[in-house]
>>> print(open('structure15.tsv').read())   # TSV, C-alpha atoms and all ligand atoms
chain	number	residue	atom	x	y	z
A	1	MET	CA	-23.25	32.36	0.98
A	2	LYS	CA	-22.33	32.10	-2.64
A	3	SER	CA	-19.21	34.10	-3.48
A	4	TYR	CA	-19.15	36.34	-6.51
A	5	GLY	CA	-15.58	37.43	-5.82
A	6	SER	CA	-14.12	35.35	-8.62
A	7	PHE	CA	-16.90	36.19	-11.04
A	8	THR	CA	-15.58	36.96	-14.50
A	9	TRP	CA	-17.01	39.58	-16.79
A	10	PRO	CA	-17.78	39.47	-20.46
A	11	ARG	CA	-15.67	41.28	-22.95
A	12	ARG	CA	-16.61	42.69	-26.35
A	13	GLY	CA	-17.54	39.73	-28.46
A	14	ARG	CA	-17.37	41.30	-31.91
A	15	GLY	CA	-16.14	39.00	-34.60
A	16	LYS	CA	-17.13	35.41	-34.66
A	17	PRO	CA	-20.39	34.73	-32.89
A	18	PRO	CA	-20.10	32.22	-30.08
A	19	VAL	CA	-21.58	28.77	-30.07
A	20	PRO	CA	-24.90	29.10	-28.23
A	21	GLY	CA	-24.17	28.41	-24.58
A	22	ALA	CA	-20.57	29.60	-24.78
A	23	VAL	CA	-19.53	33.10	-23.76
A	24	SER	CA	-16.27	34.99	-23.98
A	25	PHE	CA	-14.90	36.37	-20.76
A	26	ALA	CA	-12.29	38.80	-19.56
A	27	VAL	CA	-11.60	39.20	-15.85
A	28	MET	CA	-12.49	42.61	-14.45
A	29	THR	CA	-13.19	43.87	-10.98
A	30	PRO	CA	-16.91	43.94	-10.32
A	31	THR	CA	-18.35	47.24	-9.11
A	32	LEU	CA	-20.71	47.42	-6.11
A	33	LEU	CA	-23.60	47.54	-8.61
A	34	ASP	CA	-22.56	44.11	-9.94
A	35	LEU	CA	-23.04	42.41	-6.58
A	36	PRO	CA	-26.08	40.93	-4.89
A	37	PRO	CA	-27.13	43.44	-2.19
A	38	ALA	CA	-26.08	41.13	0.66
A	39	GLU	CA	-22.57	40.91	-0.74
A	40	ALA	CA	-22.39	44.65	-1.48
A	41	ARG	CA	-23.39	45.24	2.15
A	42	THR	CA	-20.60	42.98	3.44
A	43	ARG	CA	-17.99	44.74	1.31
A	44	ILE	CA	-19.17	48.20	2.27
A	45	ALA	CA	-19.26	47.28	5.96
A	46	ALA	CA	-15.67	45.99	5.79
A	47	TRP	CA	-14.54	49.12	3.96
A	48	VAL	CA	-16.32	51.44	6.43
A	49	ALA	CA	-14.80	49.53	9.39
A	50	ALA	CA	-11.30	49.65	7.87
A	51	ARG	CA	-11.57	53.42	7.65
A	52	GLY	CA	-12.64	53.66	11.29
A	53	LEU	CA	-16.04	55.13	10.37
A	54	PRO	CA	-19.22	54.51	12.37
A	55	ALA	CA	-21.16	51.43	11.23
A	56	TYR	CA	-24.30	53.42	10.29
A	57	ARG	CA	-22.38	54.90	7.37
A	58	ALA	CA	-22.47	51.49	5.70
A	59	ALA	CA	-26.29	51.46	5.66
A	60	GLN	CA	-26.34	55.03	4.32
A	61	ILE	CA	-23.97	54.08	1.52
A	62	GLU	CA	-25.86	50.93	0.60
A	63	ARG	CA	-29.17	52.79	0.33
A	64	ARG	CA	-27.63	54.93	-2.40
A	65	LEU	CA	-26.98	51.93	-4.62
A	66	TRP	CA	-30.55	50.84	-5.37
A	67	THR	CA	-33.25	51.84	-2.89
A	68	ASN	CA	-32.67	55.60	-3.15
A	69	PRO	CA	-30.02	55.74	-5.86
A	70	VAL	CA	-27.58	58.51	-6.71
A	71	GLY	CA	-25.90	59.00	-10.07
A	72	SER	CA	-22.60	59.75	-8.38
A	73	TRP	CA	-21.42	59.82	-4.77
A	74	SER	CA	-21.15	63.62	-4.91
A	75	GLU	CA	-24.98	63.69	-4.80
A	76	ALA	CA	-25.16	61.81	-1.47
A	77	ALA	CA	-25.57	64.97	0.64
A	78	GLU	CA	-25.94	63.00	3.89
A	79	LEU	CA	-22.31	61.84	3.68
A	80	PRO	CA	-19.32	64.02	4.63
A	81	ALA	CA	-17.39	65.45	1.65
A	82	GLY	CA	-14.27	63.40	2.40
A	83	LEU	CA	-16.26	60.17	2.41
A	84	ARG	CA	-17.98	61.06	-0.86
A	85	GLN	CA	-14.59	61.62	-2.48
A	86	ALA	CA	-13.21	58.36	-1.11
A	87	LEU	CA	-16.24	56.47	-2.43
A	88	GLU	CA	-15.84	58.08	-5.84
A	89	GLN	CA	-12.24	56.79	-5.87
A	90	GLU	CA	-12.81	53.31	-4.48
A	91	TRP	CA	-16.29	52.44	-5.68
A	92	PRO	CA	-17.22	54.54	-8.71
A	93	LEU	CA	-20.80	54.00	-9.85
A	94	PRO	CA	-20.94	52.89	-13.49
A	95	ARG	CA	-23.58	54.65	-15.61
A	96	LEU	CA	-25.40	54.08	-18.87
A	97	THR	CA	-25.90	57.17	-20.99
A	98	VAL	CA	-28.95	57.88	-23.12
A	99	ALA	CA	-28.05	57.71	-26.82
A	100	SER	CA	-31.62	58.37	-27.82
A	101	LEU	CA	-35.08	58.53	-26.29
A	102	GLU	CA	-38.31	58.30	-28.21
A	103	THR	CA	-41.82	58.68	-26.88
A	104	SER	CA	-44.74	57.05	-28.61
A	105	ALA	CA	-48.24	58.50	-28.94
A	106	ASP	CA	-49.44	55.78	-26.53
A	107	GLY	CA	-46.94	56.85	-23.82
A	108	THR	CA	-44.44	54.05	-24.45
A	109	ARG	CA	-40.87	55.31	-24.14
A	110	LYS	CA	-37.90	53.70	-25.75
A	111	PHE	CA	-34.39	54.28	-24.41
A	112	LEU	CA	-31.26	53.44	-26.32
A	113	TRP	CA	-28.41	53.24	-23.82
A	114	ARG	CA	-24.77	53.69	-24.68
A	115	LEU	CA	-22.47	51.42	-22.64
A	116	ALA	CA	-18.95	52.29	-21.49
A	117	ASP	CA	-17.31	50.48	-24.43
A	118	GLY	CA	-19.58	52.05	-27.05
A	119	GLU	CA	-22.03	49.16	-27.42
A	120	ALA	CA	-25.72	50.07	-27.28
A	121	VAL	CA	-28.76	48.31	-25.84
A	122	GLU	CA	-32.35	49.32	-25.44
A	123	SER	CA	-35.15	49.30	-22.88
A	124	VAL	CA	-38.81	50.06	-23.40
A	125	LEU	CA	-40.94	51.57	-20.62
A	126	ILE	CA	-44.61	50.75	-21.07
A	127	PRO	CA	-47.08	52.53	-18.78
A	128	SER	CA	-50.47	50.92	-18.25
A	129	GLY	CA	-52.64	52.34	-15.48
A	130	ALA	CA	-50.70	52.13	-12.23
A	131	ARG	CA	-48.31	49.63	-13.76
A	132	ARG	CA	-45.03	50.58	-15.42
A	133	THR	CA	-43.45	47.64	-17.18
A	134	LEU	CA	-39.82	47.94	-18.21
A	135	CYS	CA	-38.61	45.65	-20.96
A	136	ILE	CA	-34.85	45.21	-20.49
A	137	SER	CA	-31.93	43.83	-22.48
A	138	SER	CA	-29.55	41.13	-21.25
A	139	GLN	CA	-27.07	41.06	-24.16
A	140	ALA	CA	-25.87	43.48	-26.83
A	141	GLY	CA	-27.11	41.69	-29.93
A	142	CYS	CA	-28.06	38.03	-29.94
A	143	ALA	CA	-26.42	34.91	-31.35
A	144	LEU	CA	-29.64	33.02	-32.05
A	145	GLY	CA	-30.77	34.55	-35.33
A	146	CYS	CA	-34.55	34.09	-35.18
A	147	VAL	CA	-35.64	35.11	-38.68
A	148	PHE	CA	-38.24	37.67	-37.58
A	149	CYS	CA	-36.06	39.50	-35.05
A	150	ALA	CA	-34.02	42.66	-35.62
A	151	THR	CA	-31.69	41.86	-32.69
A	152	GLY	CA	-31.02	38.47	-34.24
A	153	ARG	CA	-29.94	40.17	-37.46
A	154	MET	CA	-27.33	42.21	-35.55
A	155	GLY	CA	-25.55	39.08	-34.41
A	156	PHE	CA	-23.95	38.69	-30.99
A	157	ARG	CA	-21.84	41.56	-29.61
A	158	ARG	CA	-21.40	40.74	-25.94
A	159	ASN	CA	-23.04	39.81	-22.67
A	160	LEU	CA	-24.13	42.57	-20.31
A	161	THR	CA	-22.84	42.68	-16.74
A	162	PRO	CA	-25.28	42.68	-13.77
A	163	ALA	CA	-24.69	46.45	-13.41
A	164	GLU	CA	-25.58	47.01	-17.07
A	165	ILE	CA	-28.73	44.87	-16.86
A	166	THR	CA	-30.02	46.45	-13.64
A	167	GLY	CA	-28.57	49.83	-14.66
A	168	GLN	CA	-31.44	50.10	-17.15
A	169	VAL	CA	-33.82	50.24	-14.16
A	170	ARG	CA	-31.48	52.43	-12.13
A	171	GLU	CA	-31.09	55.06	-14.83
A	172	ILE	CA	-34.84	55.38	-15.25
A	173	ILE	CA	-35.29	55.94	-11.51
A	174	LEU	CA	-32.43	58.48	-11.53
A	175	ARG	CA	-34.12	60.42	-14.32
A	176	ASP	CA	-37.47	60.48	-12.51
A	177	PRO	CA	-38.34	58.49	-9.37
A	178	ALA	CA	-42.02	58.62	-10.46
A	179	ASP	CA	-41.10	56.33	-13.37
A	180	ARG	CA	-39.82	53.54	-11.06
A	181	PRO	CA	-40.81	50.32	-12.87
A	182	THR	CA	-43.32	48.05	-11.15
A	183	ASN	CA	-42.76	45.11	-13.52
A	184	ILE	CA	-39.74	43.83	-15.41
A	185	VAL	CA	-39.67	41.66	-18.52
A	186	PHE	CA	-36.45	40.32	-20.04
A	187	MET	CA	-37.79	40.84	-23.56
A	188	GLY	CA	-35.40	43.45	-24.89
A	189	MET	CA	-32.22	42.55	-26.71
A	190	GLY	CA	-30.54	39.22	-26.18
A	191	GLU	CA	-31.24	35.77	-24.77
A	192	PRO	CA	-31.15	36.10	-20.97
A	193	LEU	CA	-30.55	32.41	-20.32
A	194	LEU	CA	-27.36	32.50	-22.41
A	195	ASN	CA	-26.04	35.09	-19.95
A	196	TRP	CA	-27.13	33.27	-16.81
A	197	PRO	CA	-24.30	34.23	-14.40
A	198	ALA	CA	-25.10	37.93	-14.87
A	199	VAL	CA	-28.89	37.45	-15.11
A	200	ASP	CA	-28.80	35.34	-11.92
A	201	VAL	CA	-27.25	38.24	-9.99
A	202	ALA	CA	-29.48	40.79	-11.76
A	203	LEU	CA	-32.62	38.90	-10.65
A	204	THR	CA	-31.43	39.12	-7.03
A	205	ILE	CA	-30.76	42.86	-7.34
A	206	LEU	CA	-34.17	43.47	-8.94
A	207	ASN	CA	-36.05	41.44	-6.34
A	208	ASP	CA	-34.16	41.95	-3.05
A	209	ALA	CA	-35.70	44.40	-0.58
A	210	GLU	CA	-32.27	46.07	-0.35
A	211	GLY	CA	-32.16	46.17	-4.16
A	212	PHE	CA	-35.08	47.44	-6.26
A	213	GLY	CA	-37.62	45.41	-4.25
A	214	ILE	CA	-39.68	44.30	-7.25
A	215	GLY	CA	-41.76	41.21	-6.45
A	216	ALA	CA	-40.58	38.01	-8.13
A	217	ARG	CA	-44.04	37.50	-9.64
A	218	HIS	CA	-43.59	40.83	-11.38
A	219	ILE	CA	-40.33	39.78	-13.04
A	220	THR	CA	-40.53	37.66	-16.21
A	221	VAL	CA	-37.62	35.97	-17.95
A	222	SER	CA	-38.30	35.29	-21.63
A	223	THR	CA	-36.37	32.55	-23.39
A	224	VAL	CA	-36.39	30.53	-26.58
A	225	GLY	CA	-35.86	27.49	-24.33
A	226	ILE	CA	-32.22	27.30	-23.25
A	227	LEU	CA	-32.51	24.14	-21.14
A	228	PRO	CA	-29.59	24.63	-18.70
A	229	GLY	CA	-30.79	28.18	-18.03
A	230	MET	CA	-34.39	27.04	-17.49
A	231	GLU	CA	-33.11	24.51	-14.96
A	232	ALA	CA	-31.10	27.20	-13.19
A	233	LEU	CA	-34.12	29.50	-13.03
A	234	ARG	CA	-36.24	26.64	-11.70
A	235	ALA	CA	-33.67	26.04	-8.94
A	236	ARG	CA	-34.17	29.54	-7.57
A	237	PRO	CA	-36.57	29.67	-4.66
A	238	GLU	CA	-38.32	32.88	-5.75
A	239	GLN	CA	-41.42	32.80	-7.93
A	240	PHE	CA	-39.89	34.46	-10.98
A	241	ARG	CA	-42.04	34.06	-14.06
A	242	LEU	CA	-41.01	32.27	-17.21
A	243	ALA	CA	-42.10	33.09	-20.75
A	244	ILE	CA	-41.20	30.70	-23.54
A	245	SER	CA	-40.90	32.02	-27.08
A	246	LEU	CA	-42.67	29.19	-28.87
A	247	HIS	CA	-43.72	30.74	-32.20
A	248	ALA	CA	-44.63	27.42	-33.86
A	249	PRO	CA	-46.20	24.25	-32.45
A	250	ARG	CA	-44.38	21.88	-34.83
A	251	ALA	CA	-40.63	21.32	-34.66
A	252	GLU	CA	-40.20	21.57	-38.48
A	253	ASP	CA	-41.98	24.93	-38.64
A	254	ARG	CA	-40.22	26.18	-35.54
A	255	LEU	CA	-36.85	25.31	-37.01
A	256	GLY	CA	-37.65	27.51	-40.01
A	257	LEU	CA	-38.16	30.50	-37.68
A	258	MET	CA	-35.71	29.75	-34.88
A	259	PRO	CA	-32.40	27.97	-35.51
A	260	ILE	CA	-32.12	27.15	-31.76
A	261	GLU	CA	-34.75	24.43	-32.32
A	262	LYS	CA	-31.88	22.29	-33.60
A	263	LYS	CA	-30.07	22.42	-30.24
A	264	TYR	CA	-33.01	22.62	-27.82
A	265	ALA	CA	-35.93	20.85	-29.44
A	266	LEU	CA	-39.53	21.81	-28.73
A	267	ASN	CA	-40.43	18.56	-26.95
A	268	ARG	CA	-37.52	18.94	-24.50
A	269	VAL	CA	-38.37	22.59	-23.90
A	270	LEU	CA	-41.98	21.64	-23.15
A	271	ALA	CA	-40.87	18.87	-20.79
A	272	GLU	CA	-38.73	21.38	-18.89
A	273	ALA	CA	-41.65	23.86	-18.88
A	274	LYS	CA	-43.67	21.16	-17.12
A	275	ARG	CA	-40.91	20.60	-14.55
A	276	PHE	CA	-40.82	24.36	-13.93
A	277	GLY	CA	-43.88	23.77	-11.75
A	278	ARG	CA	-45.25	27.29	-12.07
A	279	ARG	CA	-47.55	28.54	-14.76
A	280	VAL	CA	-45.64	29.59	-17.86
A	281	THR	CA	-46.51	31.90	-20.72
A	282	PHE	CA	-46.01	31.04	-24.38
A	283	GLU	CA	-44.99	33.95	-26.60
A	284	TYR	CA	-46.23	33.51	-30.14
A	285	VAL	CA	-45.39	36.08	-32.85
A	286	MET	CA	-48.03	35.76	-35.57
A	287	ILE	CA	-46.60	35.66	-39.08
A	288	ALA	CA	-48.91	35.46	-42.09
A	289	GLY	CA	-48.84	32.05	-43.74
A	290	LYS	CA	-46.06	30.74	-41.47
A	291	ASN	CA	-47.65	29.87	-38.15
A	292	ASP	CA	-51.19	31.24	-38.20
A	293	ARG	CA	-53.28	28.40	-39.66
A	294	ASP	CA	-56.24	26.87	-37.80
A	295	GLU	CA	-54.23	23.68	-37.64
A	296	ASP	CA	-51.41	25.58	-35.85
A	297	ALA	CA	-53.90	26.92	-33.32
A	298	ASP	CA	-55.21	23.43	-32.63
A	299	ARG	CA	-51.72	22.00	-32.19
A	300	LEU	CA	-50.71	24.92	-30.00
A	301	ALA	CA	-53.80	24.33	-27.86
A	302	ARG	CA	-52.77	20.69	-27.39
A	303	LEU	CA	-49.35	21.83	-26.14
A	304	ALA	CA	-50.60	24.65	-23.91
A	305	GLN	CA	-53.66	23.00	-22.40
A	306	PRO	CA	-51.96	20.26	-20.32
A	307	LEU	CA	-49.43	22.78	-18.99
A	308	GLY	CA	-52.11	25.34	-18.16
A	309	ALA	CA	-49.90	27.73	-20.16
A	310	HIS	CA	-51.11	31.20	-20.96
A	311	VAL	CA	-50.61	32.23	-24.61
A	312	ASN	CA	-49.60	35.74	-25.66
A	313	LEU	CA	-50.24	36.34	-29.34
A	314	LEU	CA	-48.03	39.14	-30.65
A	315	PRO	CA	-48.49	40.85	-33.98
A	316	LEU	CA	-45.27	40.55	-35.98
A	317	HIS	CA	-43.44	43.84	-35.97
A	318	PRO	CA	-42.68	44.22	-39.65
A	319	GLY	CA	-39.40	46.13	-39.12
A	320	GLY	CA	-37.70	43.06	-37.69
A	321	ALA	CA	-38.17	40.90	-40.71
A	322	PRO	CA	-38.03	41.88	-44.35
A	323	GLY	CA	-40.14	39.48	-46.37
A	324	LEU	CA	-42.42	38.43	-43.51
A	325	LEU	CA	-45.87	39.88	-43.01
A	326	PRO	CA	-47.94	40.14	-39.84
A	327	SER	CA	-51.11	38.07	-39.66
A	328	SER	CA	-54.27	40.11	-40.19
A	329	GLY	CA	-56.35	41.21	-37.21
A	330	ASN	CA	-59.11	38.84	-38.29
A	331	ARG	CA	-56.72	35.90	-38.49
A	332	MET	CA	-55.33	36.71	-35.05
A	333	ARG	CA	-58.81	36.88	-33.55
A	334	ALA	CA	-59.81	33.59	-35.18
A	335	PHE	CA	-56.60	31.98	-33.93
A	336	ALA	CA	-57.17	33.28	-30.40
A	337	GLY	CA	-60.79	32.08	-30.55
A	338	ARG	CA	-59.72	28.52	-31.41
A	339	LEU	CA	-57.29	28.49	-28.48
A	340	GLN	CA	-59.92	29.83	-26.12
A	341	SER	CA	-62.54	27.30	-27.19
A	342	ALA	CA	-59.97	24.58	-26.46
A	343	GLY	CA	-59.77	25.93	-22.89
A	344	VAL	CA	-56.51	27.86	-23.33
A	345	GLU	CA	-56.15	31.37	-21.99
A	346	ALA	CA	-55.00	33.38	-25.00
A	347	VAL	CA	-54.55	37.13	-25.26
A	348	ILE	CA	-53.76	39.26	-28.31
A	349	ARG	CA	-51.14	41.75	-27.19
A	350	ARG	CA	-51.42	45.23	-28.53
A	351	SER	CA	-48.23	46.25	-30.25
A	352	ARG	CA	-47.18	49.12	-28.01
A	353	GLY	CA	-45.12	51.97	-29.37
A	354	LEU	CA	-45.45	50.84	-32.98
A	355	ASP	CA	-44.83	54.42	-34.17
A	356	ILE	CA	-41.39	54.40	-32.53
A	357	ASN	CA	-40.46	50.88	-33.61
A	358	ALA	CA	-40.55	49.63	-30.03
A	359	ALA	CA	-39.89	46.00	-30.89
A	360	CYS	CA	-36.83	43.93	-30.21
A	361	GLY	CA	-33.70	45.62	-31.59
A	362	GLN	CA	-35.54	48.03	-33.86
A	363	LEU	CA	-34.21	51.34	-32.64
A	364	TYR	CA	-30.65	50.12	-32.79
A	365	VAL	CA	-31.05	48.98	-36.38
A	366	GLU	CA	-32.61	52.36	-37.26
A	367	MET	CA	-29.63	54.18	-35.71
A	368	GLU	CA	-27.14	52.05	-37.59
A	369	LYS	CA	-28.95	52.83	-40.83
A	370	LYS	CA	-28.62	56.54	-40.14
A	371	ARG	CA	-25.02	56.20	-39.05
A	372	ARG	CA	-23.82	54.13	-41.99
A	373	PRO	CA	-24.30	56.79	-44.72
A	374	ALA	CA	-22.48	59.28	-42.46
A	375	ALA	CA	-19.58	56.87	-41.95
A	376	ALA	CA	-19.43	56.23	-45.69
A	377	ALA	CA	-19.30	59.99	-46.36
A	378	ARG	CA	-16.46	60.41	-43.85
A	379	ALA	CA	-14.53	57.59	-45.50
A	380	GLY	CA	-14.84	59.60	-48.73
B	1	LIG	N1	-34.37	36.14	-26.54
B	1	LIG	C1	-35.51	36.06	-25.72
B	1	LIG	C2	-35.94	37.37	-25.11
B	1	LIG	C3	-35.84	38.58	-26.01
B	1	LIG	S1	-36.89	38.55	-27.42
B	1	LIG	C4	-36.67	35.44	-26.47
B	1	LIG	O1	-36.59	35.33	-27.68
B	1	LIG	O2	-37.62	35.06	-25.80
B	1	LIG	C5	-38.41	39.01	-26.67
B	1	LIG	C6	-39.64	38.82	-27.52
B	1	LIG	O3	-39.64	39.69	-28.65
B	1	LIG	C7	-39.74	37.39	-28.04
B	1	LIG	O4	-40.94	36.79	-27.65
B	1	LIG	C8	-39.67	37.62	-29.52
B	1	LIG	O5	-40.38	36.68	-30.18
B	1	LIG	C9	-40.23	39.01	-29.72
B	1	LIG	N2	-39.92	39.55	-31.04
B	1	LIG	C10	-38.74	39.51	-31.69
B	1	LIG	N3	-38.85	40.05	-32.92
B	1	LIG	C11	-40.13	40.44	-33.06
B	1	LIG	C12	-40.87	41.06	-34.11
B	1	LIG	N4	-40.30	41.37	-35.27
B	1	LIG	N5	-42.17	41.31	-33.90
B	1	LIG	C13	-42.77	41.00	-32.72
B	1	LIG	N6	-42.12	40.42	-31.69
B	1	LIG	C14	-40.82	40.13	-31.85
B	2	LIG	FE1	-32.43	36.44	-29.93
B	2	LIG	FE2	-34.89	36.47	-28.80
B	2	LIG	FE3	-34.39	37.84	-31.07
B	2	LIG	FE4	-34.45	35.18	-31.13
B	2	LIG	S1	-36.19	36.56	-30.64
B	2	LIG	S2	-32.90	36.46	-32.11
B	2	LIG	S3	-33.55	34.67	-29.15
B	2	LIG	S4	-33.49	38.22	-29.06
>>> encode(input="structure15.tsv", output="structure tokens", more="lines below")
Ligand code: SAH
Ligand code: SF4
Amino acid sequence: MKSYGSFTWPRRGRGKPPVPGAVSFAVMTPTLLDLPPAEARTRIAAWVAARGLPAYRAAQIERRLWTNPVGSWSEAAELPAGLRQALEQEWPLPRLTVASLETSADGTRKFLWRLADGEAVESVLIPSGARRTLCISSQAGCALGCVFCATGRMGFRRNLTPAEITGQVREIILRDPADRPTNIVFMGMGEPLLNWPAVDVALTILNDAEGFGIGARHITVSTVGILPGMEALRARPEQFRLAISLHAPRAEDRLGLMPIEKKYALNRVLAEAKRFGRRVTFEYVMIAGKNDRDEDADRLARLAQPLGAHVNLLPLHPGGAPGLLPSSGNRMRAFAGRLQSAGVEAVIRRSRGLDINAACGQLYVEMEKKRRPAAAARAG
């Protein structure tokens, strides 16, 4: 079994943004919630045995991590008081706290979580019939600076740990077990494949039957096309889904929207998408006059068709990008129509939670705006 014992954890990365692909690390002891369930089980079993406790206690303890979680060990009523105290000492359960919660008219809820060191990340819970999709963050901020994205404008702050990534799911279940997410998308803040060591463990926790037990086909990793990360995801045996943020079918146009095109060029990303072997989704934010011409649709169709890729057309959320305008509804429908007549499955995604700015990084930017005048007033 792979050992995570020497795993190193990210530290606050404020200051100079890292080179894409590089991360700053500081060594810290992982908590139980940072470990793949199999490894957490081994550690708990050893700890239980060392204390001379019966082996069934280990299973009881493990269940309280993910399958039937508690916010703190004091809530685990099935355990004796002395054991609860010892667990609190040895294995405290890290928490995320809610900095703000907004509910949209369409039922979408947006959580802004405060992390232990003061950083903030967001998740968006999107109910749709029996399905509850949770959009989660993998980094505080993002180093990649896509021009239309509010998270990109924040710059990179730091990588999240596995406990912070999966904690977004855990906290929602702790608040109300009826909200347990059925689907996960890594489409919140950050580039998940630039935080692969933590995302790798988080995927196991999300999917494992002893973790949250969410089927791999219900978990989607969204990336701009970080090639080493795509290879690592491909190497996993589970059927996790991959979404590629394409946004323009020509390298020159893509470079104008996404600086990462310089490092991981479109043709290489598409070649890796082909090697992925499973059906991928292309994410395509529609920006008036930038990537929404008929000619773009035809080119996009030529890229998507041979891969059997599914195309998600997203209306640009205006808050993320001053100076850019969303394509009109008519333009989006015409664009989708051209893709469909070329045999490509294309869907126009409704912008959920528009009234609460539920797009990438929006809430955070709103909070900062409110906070800044207050800070200025304090500074006199
Ligand atoms: N970094 C990864 C995952 C997080 S971004 C990636 O880029 O794929 C998740 C999605 O939010 C991406 O598809 C991105 O294009 C989209 N997004 C970012 N800013 C947006 C905006 N202003 N309007 C609509 N979608 C946006
Ligand atoms: Fe980062 Fe994704 Fe936003 Fe680009 S779209 S800046 S990769 S979070």
>>> residues_near_ligand(input="structure15.tsv", ligand="ligand LIG 2 (chain B)", cutoff="6 Å", atoms="all atoms listed in the file", output="MDAnalysis selection string")
chainID A and resid 142 144:146 149 151:152 189:191 224
>>> closest_atom_pairs(input="structure15.tsv", of="stretch 43-116 of chain A", to="stretch 171-184 of chain A", cutoff="7 Å", atoms="only C-alpha atoms", output="JSON lines")
{"residue": "A:Pro69", "atom": "CA", "partner": "A:Leu174", "partner_atom": "CA", "distance": 6.7}
{"residue": "A:Val70", "atom": "CA", "partner": "A:Leu174", "partner_atom": "CA", "distance": 6.8}
{"residue": "A:Gly71", "atom": "CA", "partner": "A:Leu174", "partner_atom": "CA", "distance": 6.7}
>>> residues_near_point(input="structure15.tsv", point="(-36.2, 32.0, -8.0)", cutoff="10 Å", atoms="all atoms listed in the file", output="compact mmCIF listing (two decimals) with C-alpha atoms, in the frame of the given file")
# COMPACT_ATOMS: atom_id res chain seq x y z
CA ASP A 200 -28.80 35.34 -11.92
CA LEU A 203 -32.62 38.90 -10.65
CA THR A 204 -31.43 39.12 -7.03
CA ASN A 207 -36.05 41.44 -6.34
CA ALA A 216 -40.58 38.01 -8.13
CA ARG A 217 -44.04 37.50 -9.64
CA ALA A 232 -31.10 27.20 -13.19
CA LEU A 233 -34.12 29.50 -13.03
CA ARG A 234 -36.24 26.64 -11.70
CA ALA A 235 -33.67 26.04 -8.94
CA ARG A 236 -34.17 29.54 -7.57
CA PRO A 237 -36.57 29.67 -4.66
CA GLU A 238 -38.32 32.88 -5.75
CA GLN A 239 -41.42 32.80 -7.93
CA PHE A 240 -39.89 34.46 -10.98
CA ARG A 241 -42.04 34.06 -14.06
>>> closest_residue(input="structure15.tsv", among="A:Leu160, A:Ile219, A:Ile348, A:Ile136", to="ligand LIG 1 (chain B)", atoms="all atoms listed in the file")
A:Ile136
>>> residues_near_ligand(input="structure15.tsv", ligand="ligand LIG 1 (chain B)", cutoff="8 Å", atoms="all atoms listed in the file", output="PyMOL selection string")
chain A and resi 137+142+144+146+148-151+186-192+221-225+243-247+283-286+314-321+351+359-361
>>> atom_distance(input="structure15.tsv", atom1="atom CA of A:Val121", atom2="atom CA of A:Gly141")
8.0 Å
>>> atom_distance(input="structure15.tsv", atom1="atom CA of A:Asn312", atom2="atom CA of A:Arg349")
6.4 Å
>>> closest_residue(input="structure15.tsv", among="A:Arg275, A:Arg153, A:Val98, A:Arg158", to="A:Asp117", atoms="all atoms listed in the file")
A:Arg158
>>> atom_distance(input="structure15.tsv", atom1="atom CA of A:Ala334", atom2="atom CA of A:Asp294")
8.0 Å
>>> residues_around(input="structure15.tsv", residues="A:Leu35", least_positions_apart="5", cutoff="8 Å", atoms="only C-alpha atoms", output="list in words")
Tyr4, Pro30, Ala40, Pro162, Val201 and Ile205 of chain A
>>> axis_aligned_box(input="structure15.tsv", around="stretch 338-346 of chain A", padding_each_side="5 Å", output="JSON")
{"center_x": -58.8, "center_y": 29.0, "center_z": -26.7, "size_x": 17.5, "size_y": 18.8, "size_z": 19.4}
>>> residues_around(input="structure15.tsv", residues="stretch 297-311 of chain A", least_positions_apart="3", cutoff="6 Å", atoms="only C-alpha atoms", output="compact mmCIF listing (two decimals) with C-alpha atoms, in the frame of the given file")
# COMPACT_ATOMS: atom_id res chain seq x y z
CA PRO A 249 -46.20 24.25 -32.45
CA ARG A 279 -47.55 28.54 -14.76
CA VAL A 280 -45.64 29.59 -17.86
CA THR A 281 -46.51 31.90 -20.72
CA PHE A 282 -46.01 31.04 -24.38
CA ASP A 294 -56.24 26.87 -37.80
CA PHE A 335 -56.60 31.98 -33.93
CA LEU A 339 -57.29 28.49 -28.48
CA VAL A 344 -56.51 27.86 -23.33
CA GLU A 345 -56.15 31.37 -21.99
CA ALA A 346 -55.00 33.38 -25.00
>>> closest_atom_pairs(input="structure15.tsv", of="stretch 192-256 of chain A", to="stretch 163-170 of chain A", cutoff="8 Å", atoms="all atoms listed in the file", output="CSV")
residue,atom,partner,partner_atom,distance
A:Val199,CA,A:Ile165,CA,7.6
A:Ala202,CA,A:Thr166,CA,6.0
A:Ile205,CA,A:Thr166,CA,7.3
A:Leu206,CA,A:Thr166,CA,6.9
>>> closest_residue(input="structure15.tsv", among="A:Ala265, A:Ala271, A:Ala209, A:Leu112", to="A:Asn68", atoms="all atoms listed in the file")
A:Ala209
>>> residues_around(input="structure15.tsv", residues="stretch 61-67 of chain A", least_positions_apart="5", cutoff="8 Å", atoms="only C-alpha atoms", output="list in words")
Leu32, Leu33, Ala40, Arg41, Ile44, Ala76, Arg170, Glu210, Gly211, Phe212 and Gly213 of chain A
>>> residues_around(input="structure15.tsv", residues="A:Pro92", least_positions_apart="2", cutoff="8 Å", atoms="all atoms listed in the file", output="list in words")
Thr31, Ser72, Trp73, Leu87, Glu88, Gln89, Glu90 and Pro94 of chain A
>>> closest_residue(input="structure15.tsv", among="A:Ala248, A:Leu255, A:Ala273, A:Ala55", to="A:Gly289", atoms="only C-alpha atoms")
A:Ala248
>>> decode(input="structure15.tsv", residues="stretch 52-57 of chain A", atoms="C-alpha atoms", output="CSV table (one decimal), in the first residue's frame")
chain,number,residue,atom,x,y,z
A,52,GLY,CA,-5.7,-2.3,25.2
A,53,LEU,CA,-9.2,-1.5,23.9
A,54,PRO,CA,-11.4,-4.1,22.1
A,55,ALA,CA,-10.9,-4.2,18.3
A,56,TYR,CA,-14.6,-3.2,17.6
A,57,ARG,CA,-13.8,0.3,18.9
